[in-house]
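Peer 1: Next comes the structure file start.cif, holding mmCIF, C-alpha atoms.
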data_query
loop_
_atom_site.label_atom_id
_atom_site.label_comp_id
_atom_site.auth_asym_id
_atom_site.auth_seq_id
_atom_site.Cartn_x
_atom_site.Cartn_y
_atom_site.Cartn_z
CA MET A 22 35.70 102.37 40.16
CA GLU A 23 31.97 103.05 39.82
CA GLU A 24 32.16 104.13 36.17
CA ASN A 25 34.77 101.70 34.84
CA PRO A 26 36.19 99.24 37.39
CA ASP A 27 38.32 97.22 34.95
CA ASP A 28 40.16 100.26 33.60
CA THR A 29 40.66 101.58 37.13
CA LEU A 30 42.09 98.28 38.37
CA ALA A 31 44.29 98.02 35.28
CA LEU A 32 45.67 101.51 35.86
CA LEU A 33 46.36 100.74 39.51
CA ALA A 34 48.18 97.53 38.57
CA ASP A 35 50.38 99.44 36.13
CA LEU A 36 51.14 102.12 38.72
CA THR A 37 52.63 99.49 41.04
CA GLY A 38 55.54 99.47 38.59
CA ALA A 39 55.91 103.25 38.34
CA THR A 40 59.43 104.68 38.25
CA ASP A 41 58.57 107.21 40.95
CA ALA A 42 59.24 105.38 44.24
CA LYS A 43 56.62 107.25 46.28
CA LEU A 44 53.90 106.74 43.68
CA ARG A 45 54.87 103.07 43.32
CA GLU A 46 54.61 102.48 47.09
CA LEU A 47 51.24 104.25 47.34
CA ALA A 48 49.89 102.22 44.42
CA ARG A 49 51.06 98.96 46.01
CA ARG A 50 49.43 99.75 49.34
CA LEU A 51 46.15 100.73 47.70
CA ALA A 52 46.22 97.74 45.34
CA GLY A 53 46.75 95.33 48.22
CA ARG A 54 43.72 96.62 50.12
CA LEU A 55 41.46 97.01 47.09
CA PHE A 56 42.25 93.65 45.50
CA LEU A 57 41.72 91.86 48.82
CA ASP A 58 38.35 93.62 49.26
CA LEU A 59 37.27 92.58 45.74
CA SER A 60 38.31 88.98 46.35
CA ARG A 61 35.91 88.29 49.19
CA ARG A 62 33.32 86.27 47.35
CA GLY A 63 32.48 82.69 48.21
CA PRO A 64 33.30 80.70 51.36
CA ALA A 65 36.22 81.97 53.43
CA THR A 66 36.84 78.64 55.16
CA PRO A 67 36.31 75.00 54.15
CA ARG A 68 33.70 72.72 55.68
CA GLY A 69 34.49 69.69 57.82
CA VAL A 70 35.24 68.55 61.34
CA GLY A 71 37.15 71.33 63.07
CA GLN A 72 40.15 71.27 65.40
CA LEU A 73 41.46 74.05 67.64
CA ARG A 74 44.88 74.99 66.29
CA THR A 75 47.52 77.70 66.45
CA ARG A 76 48.13 79.30 63.07
CA ARG A 77 49.48 82.40 61.38
CA TYR A 78 47.64 85.62 62.18
CA ARG A 79 44.78 86.91 60.11
CA PRO A 80 42.09 89.34 61.31
CA ASP A 81 39.30 86.74 61.39
CA GLY A 82 41.47 83.80 62.42
CA GLY A 83 40.68 83.65 66.14
CA ASP A 84 42.09 84.88 69.45
CA LEU A 85 45.70 85.98 69.78
CA ASP A 86 47.91 83.15 71.08
CA VAL A 87 50.09 85.16 73.48
CA ASP A 88 52.44 82.26 74.29
CA ALA A 89 53.18 81.58 70.62
CA SER A 90 53.51 85.32 69.83
CA ILE A 91 55.50 86.40 72.87
CA ASP A 92 58.89 86.66 71.14
CA ALA A 93 57.49 88.97 68.46
CA LEU A 94 55.66 91.10 71.04
CA VAL A 95 58.75 91.50 73.27
CA ALA A 96 61.01 92.31 70.31
CA ALA A 97 58.61 94.95 68.96
CA ARG A 98 58.30 96.56 72.39
CA ALA A 99 62.08 96.67 72.84
CA GLN A 100 62.50 98.30 69.42
CA HIS A 101 59.51 100.65 69.89
CA SER A 102 58.08 99.41 66.61
CA ALA A 103 54.88 97.86 65.35
CA VAL A 104 54.56 94.09 65.47
CA ASP A 105 54.89 92.34 62.10
CA PRO A 106 51.58 90.43 61.63
CA ASP A 107 53.51 87.55 60.03
CA ASP A 108 55.17 86.93 63.41
CA LEU A 109 51.90 86.69 65.35
CA ARG A 110 49.90 83.52 65.94
CA VAL A 111 46.21 83.09 66.72
CA ARG A 112 44.25 80.21 68.19
CA GLY A 113 41.16 79.23 66.24
CA TRP A 114 39.16 76.47 64.67
CA SER A 115 40.46 75.02 61.44
CA THR A 116 39.02 72.30 59.23
CA PRO A 117 40.77 69.89 56.87
CA GLY A 118 39.25 71.23 53.69
CA THR A 119 40.58 72.46 50.39
CA ALA A 120 44.06 73.12 49.07
CA ILE A 121 44.40 75.31 45.97
CA CYS A 122 47.27 75.95 43.59
CA LEU A 123 46.80 78.93 41.27
CA LEU A 124 48.80 78.91 38.03
CA VAL A 125 49.21 82.34 36.42
CA ASP A 126 50.27 82.46 32.78
CA ARG A 127 52.86 85.22 32.44
CA SER A 128 53.99 84.39 28.91
CA GLY A 129 51.83 87.07 27.29
CA SER A 130 51.15 90.67 28.21
CA MET A 131 51.38 91.16 31.97
CA THR A 132 50.31 94.77 32.20
CA GLY A 133 46.99 96.47 32.76
CA ARG A 134 43.97 94.19 32.81
CA PRO A 135 45.78 90.80 32.64
CA LEU A 136 48.05 91.82 35.52
CA ALA A 137 45.16 93.11 37.63
CA THR A 138 43.13 89.96 36.85
CA ALA A 139 46.01 87.78 38.06
CA ALA A 140 46.37 89.81 41.27
CA VAL A 141 42.65 89.68 42.11
CA SER A 142 42.63 85.95 41.36
CA ALA A 143 45.53 85.42 43.78
CA ALA A 144 43.70 87.43 46.42
CA ALA A 145 40.53 85.37 45.86
CA VAL A 146 42.43 82.09 46.29
CA ALA A 147 44.03 83.43 49.48
CA TRP A 148 40.58 84.38 50.79
CA ARG A 149 39.08 80.97 50.05
CA SER A 150 41.94 78.80 51.36
CA PRO A 151 44.06 81.06 53.61
CA GLU A 152 45.99 78.25 55.30
CA ASP A 153 46.66 76.00 52.32
CA TYR A 154 47.32 77.57 48.94
CA SER A 155 50.10 78.35 46.49
CA VAL A 156 50.50 80.78 43.61
CA LEU A 157 52.82 79.92 40.72
CA SER A 158 53.56 81.97 37.63
CA PHE A 159 54.76 80.28 34.47
CA GLY A 160 56.17 81.10 31.06
CA GLN A 161 59.38 79.40 30.02
CA ASP A 162 59.87 78.33 33.65
CA VAL A 163 57.79 78.22 36.84
CA ILE A 164 58.28 80.70 39.70
CA ALA A 165 56.54 80.54 43.08
CA ALA A 166 54.94 83.75 44.31
CA LYS A 167 53.88 81.61 47.28
CA SER A 168 54.69 77.97 48.00
CA GLN A 169 52.07 75.65 49.45
CA ASP A 170 53.82 75.07 52.77
CA VAL A 171 55.45 78.47 53.31
CA PRO A 172 53.47 81.12 55.27
CA LYS A 173 53.31 84.49 53.53
CA SER A 174 51.03 87.47 54.08
CA ASN A 175 48.34 88.06 51.46
CA GLU A 176 49.72 91.53 50.80
CA ARG A 177 53.17 90.13 49.97
CA VAL A 178 51.64 87.53 47.66
CA ILE A 179 49.74 90.23 45.77
CA ASP A 180 52.93 92.33 45.56
CA ALA A 181 54.75 89.35 44.05
CA VAL A 182 52.03 88.85 41.43
CA LEU A 183 51.97 92.56 40.56
CA ALA A 184 55.73 92.42 39.97
CA LEU A 185 55.27 89.84 37.18
CA ARG A 186 56.22 90.80 33.65
CA GLY A 187 55.36 88.80 30.55
CA PHE A 188 58.01 87.09 28.45
CA GLY A 189 59.11 83.77 27.03
CA THR A 190 57.42 80.62 25.82
CA THR A 191 54.44 78.94 27.49
CA ASP A 192 55.23 75.66 29.25
CA VAL A 193 51.73 74.57 30.27
CA ALA A 194 52.77 70.96 30.95
CA GLY A 195 55.60 72.10 33.21
CA ALA A 196 53.23 74.38 35.12
CA LEU A 197 50.70 71.59 35.69
CA THR A 198 53.47 69.28 36.90
CA ALA A 199 54.69 71.97 39.31
CA ALA A 200 51.14 72.37 40.65
CA ALA A 201 50.94 68.65 41.38
CA GLU A 202 54.22 68.88 43.31
CA GLN A 203 52.97 71.83 45.36
CA LEU A 204 49.67 70.15 46.21
CA SER A 205 51.45 66.94 47.22
CA ARG A 206 52.69 68.86 50.29
CA SER A 207 49.12 69.36 51.54
CA ARG A 208 47.02 67.04 53.70
CA ALA A 209 43.75 68.54 52.50
CA GLY A 210 41.00 66.20 51.40
CA ARG A 211 40.38 68.18 48.23
CA LYS A 212 43.20 69.51 46.04
CA ILE A 213 42.38 71.90 43.20
CA THR A 214 44.60 73.35 40.49
CA VAL A 215 43.33 76.62 39.00
CA LEU A 216 44.86 77.35 35.60
CA LEU A 217 44.54 81.05 34.63
CA SER A 218 45.62 80.92 31.00
CA ASP A 219 44.62 80.79 27.35
CA CYS A 220 46.36 77.34 27.42
CA ARG A 221 48.23 78.01 24.18
CA ALA A 222 51.34 75.90 24.83
CA THR A 223 54.47 76.95 22.91
CA ALA A 224 56.93 74.67 24.73
CA PRO A 225 57.19 70.87 24.33
CA GLY A 226 55.45 68.71 26.88
CA ASP A 227 52.50 66.40 27.44
CA VAL A 228 49.84 68.91 28.52
CA VAL A 229 46.99 66.42 28.45
CA GLY A 230 48.92 63.83 30.44
CA ALA A 231 49.96 66.38 33.06
CA ALA A 232 46.39 67.65 33.36
CA ARG A 233 44.95 64.16 33.79
CA ARG A 234 47.37 63.40 36.62
CA LEU A 235 45.89 66.21 38.71
CA GLU A 236 43.18 65.39 41.24
CA GLU A 237 41.00 68.32 40.18
CA LEU A 238 41.61 70.95 37.51
CA VAL A 239 39.64 74.09 36.71
CA ILE A 240 40.54 76.43 33.86
CA VAL A 241 39.83 80.17 33.72
CA ALA A 242 40.56 81.72 30.32
CA PRO A 243 40.38 85.28 28.97
CA GLU A 244 36.91 85.91 27.57
CA SER A 245 38.34 87.10 24.26
CA ASP A 246 40.84 84.23 23.82
CA ASP A 247 39.40 80.96 25.09
CA VAL A 248 39.43 78.47 22.19
CA GLU A 249 42.47 76.38 23.20
CA ALA A 250 41.53 76.53 26.88
CA ARG A 251 38.00 75.34 26.19
CA GLU A 252 39.32 72.46 24.05
CA LEU A 253 41.74 71.37 26.78
CA ALA A 254 39.00 71.49 29.42
CA GLU A 255 36.72 69.29 27.30
CA LEU A 256 39.56 66.86 26.56
CA VAL A 257 40.56 66.28 30.21
CA GLY A 258 37.19 66.83 31.91
CA ALA A 259 38.15 70.05 33.68
CA ARG A 260 35.59 72.64 34.75
CA PHE A 261 35.85 75.77 32.64
CA THR A 262 34.86 79.41 32.64
CA THR A 263 36.03 82.69 31.17
CA VAL A 264 36.93 85.95 32.87
CA SER A 265 36.08 89.32 31.34
CA GLY A 266 38.47 91.40 33.43
CA PRO A 267 39.81 91.99 36.94
CA SER A 268 36.44 92.99 38.39
CA ASP A 269 35.08 89.58 37.29
CA ALA A 270 38.01 87.50 38.60
CA ALA A 271 36.60 86.59 42.03
CA ALA A 272 33.20 85.72 40.54
CA ALA A 273 34.87 83.62 37.82
CA LEU A 274 36.67 81.56 40.45
CA GLY A 275 33.39 81.15 42.29
CA ARG A 276 31.75 79.75 39.16
CA VAL A 277 34.25 76.90 38.95
CA LEU A 278 35.21 76.35 42.59
CA ASP A 279 31.66 76.30 43.93
CA ALA A 280 30.34 74.02 41.22
#
Could you write out this structure as structure tokens?
Peer 2:
Amino acid sequence: MEENPDDTLALLADLTGATDAKLRELARRLAGRLFLDLSRRGPATPRGVGQLRTRRYRPDGGDLDVDASIDALVAARAQHSAVDPDDLRVRGWSTPGTAICLLVDRSGSMTGRPLATAAVSAAAVAWRSPEDYSVLSFGQDVIAAKSQDVPKSNERVIDAVLALRGFGTTDVAGALTAAAEQLSRSRAGRKITVLLSDCRATAPGDVVGAARRLEELVIVAPESDDVEARELAELVGARFTTVSGPSDAAAALGRVLDA
């Protein structure tokens, strides 16, 4: 990691698909922790007037809500097993802030650096908007790694992204339309679509029209392949940046989300 972080992250991403089951599981566990650590740049919670609410557990989310978690605690004790964090609830302050939908282009190569970049980007979105985000992958069709209104642990979201494999055409218009549908489920005051793609559409559809119907669009393109993405951003007034590799993914999101 110190000598060449991008190659290390790319190797780890590839190892999550290893044929050896033990190696694959070890790689997934390490990738989940490492990618989440790398993602922690920028604000972890939105600003606004807060309310005390019960919500899904996360380490910094607040105090354990015993009443809301009692069924999970009793069941784990009866089975002599650890409690699944997804079944726990905490009581803490939440603010009506930002909803984010991340669109990951899986139509090209989804191994090595592109795969690791997508996983770190998903982790960064989860860090910034833990209660209100979605992650969609798109090629010929759109698949939800996490829906906007369905709770899912960050580790499982990263696992779902790391399982992506590239194939098919690139339906950018369909992806942008799906993002609008996901964000329509949120009550947040600010709704952002993050498009991680070279934006080279190879399927029919009105990309410009779909982009202009979004409340707020930011585009993050590969540093070495950004011409079409830059042109689309200029055409629809989206904020734009490039990403050099997985170690730059969280910072790249910061450049467009914190603008």
Peer 1: Residues of stretch 176-253 of chain A that have any atom at most 10 Å from an atom of stretch 265-278 of chain A: could you tabulate them with the shortest-distance atom pair and the distance in Å to one decimal, using all atoms listed in the file, ordered by chain and increasing number, as a Markdown table?
Peer 2:
| residue | atom | partner | partner_atom | distance |
| --- | --- | --- | --- | --- |
| A:Ile213 | CA | A:Leu278 | CA | 8.5 |
| A:Val215 | CA | A:Leu274 | CA | 8.4 |
| A:Leu217 | CA | A:Leu274 | CA | 9.8 |
| A:Leu238 | CA | A:Val277 | CA | 9.6 |
| A:Val239 | CA | A:Val277 | CA | 6.5 |
| A:Ile240 | CA | A:Val277 | CA | 8.1 |
| A:Val241 | CA | A:Ala273 | CA | 7.3 |
| A:Ala242 | CA | A:Ser265 | CA | 8.9 |
| A:Pro243 | CA | A:Ser265 | CA | 6.4 |
| A:Glu244 | CA | A:Ser265 | CA | 5.2 |
| A:Ser245 | CA | A:Ser265 | CA | 7.8 |
Peer 1: Using all atoms listed in the file, which residue out of A:Leu109, A:Asp162, A:Asp246, A:Thr190 lies closest to A:Ala96?
Peer 2: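 Under the stated criterion, the closest residue is A:Leu109.
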Peer 1: Near A:Leu204, counting all atoms listed in the file, which residues have an atom at most 9 Å away, once you skip same-chain residues fewer than 3 positions from it, shown as a PyMOL selection string?
Peer 2: chain A and resi 120-122+153-155+169+199-201+207-209+212-214
Peer 1: Would you mind telling me which residue in A:Val257, A:Ala139, A:Leu32, A:Val111 lies nearest to A:Ile179 when using all atoms listed in the file?
Peer 2: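 Result for the nearest residue to A:Ile179: A:Ala139.
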Peer 1: Determine the nearest neighbour of A:Arg233 from the options A:Ala165, A:Val146, A:Leu94, A:Ala194, counting all atoms listed in the file.
Peer 2: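 Among the listed residues, the smallest separation from A:Arg233 belongs to A:Ala194.
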Peer 1: Near A:Trp148, within 7 Å and counting only C-alpha atoms, which residues show up once chain neighbours fewer than 3 positions away are dropped, as a list in words?
Peer 2: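 Skipping anything fewer than 3 positions along the chain leaves Ser60, Arg61, Ala65, Ala144, Ala145 and Pro151 of chain A.
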Peer 1: Write the residues of the preceding selection, restricted to C-alpha atoms, as a PDB file, in the frame of the given file.
Peer 2:
ATOM      1  CA  SER A  60      38.310  88.980  46.350  1.00  0.00           C
ATOM      2  CA  ARG A  61      35.910  88.290  49.190  1.00  0.00           C
ATOM      3  CA  ALA A  65      36.220  81.970  53.430  1.00  0.00           C
ATOM      4  CA  ALA A 144      43.700  87.430  46.420  1.00  0.00           C
ATOM      5  CA  ALA A 145      40.530  85.370  45.860  1.00  0.00           C
ATOM      6  CA  PRO A 151      44.060  81.060  53.610  1.00  0.00           C
TER       7      PRO A 151
END
Peer 1: For A:Gly195, work out the shell of residues within 9 Å, counting all atoms listed in the file and skipping chain neighbours fewer than 6 positions away, then give it as number ranges by chain.
Peer 2: A: 159, 161-163, 224, 226-228, 231
Peer 1: If you apply the PyMOL selection byres ((chain A and resi 129-138) around 7) to this file, what residues do you get, as a PyMOL selection string?
Peer 2: chain A and resi 27+30-32+34-35+127-128+139-142+183+185-188+266-267+270
Peer 1: Go through A:Asp192, A:Asp180, A:Asp247, A:Asp86 one by one, measure the shortest atom-to-atom distance of each to A:Pro225 using all atoms listed in the file, and give the residue with the smallest value.
Peer 2: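 The answer is A:Asp192, which sits nearest to A:Pro225.
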Peer 1: Separation of atom CA of A:Val182 and atom CA of A:Ala103, in Å?
Peer 2: 25.7 Å
Peer 1: Enter the distance from atom CA of A:Glu249 to atom CA of A:Thr262, in Å, rounded to one decimal.
Peer 2: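 Between these atoms lies a distance of 12.5 Å.
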Peer 1: Restricting the calculation to all atoms listed in the file: of A:Asp279, A:Asp170, A:Glu176, A:Glu202, which residue gets closest to A:Leu51?
Peer 2: A:Glu176
Peer 1: On this file, the PyMOL selection byres ((chain A and resi 48) around 8) gives some set of residues; write that set as a PyMOL selection string.
Peer 2: chain A and resi 33-34+36-37+44-47+49-52
Peer 1: In Å, with one decimal, what is the gap from atom CA of A:Ala166 to atom CA of A:Ala42?
Peer 2: 22.1 Å
Peer 1: Counting all atoms listed in the file, which residue out of A:Leu197, A:Val264, A:Leu216, A:Ala97 sits closest to A:Arg234?
Peer 2: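 Closest to A:Arg234 of all the choices is A:Leu197.
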Peer 1: Evaluating the PyMOL selection byres ((chain A and resi 158) around 6) on the displayed file yields which residues, as a ChimeraX atom specification?
Peer 2: /A:124-126,157,159,163-164
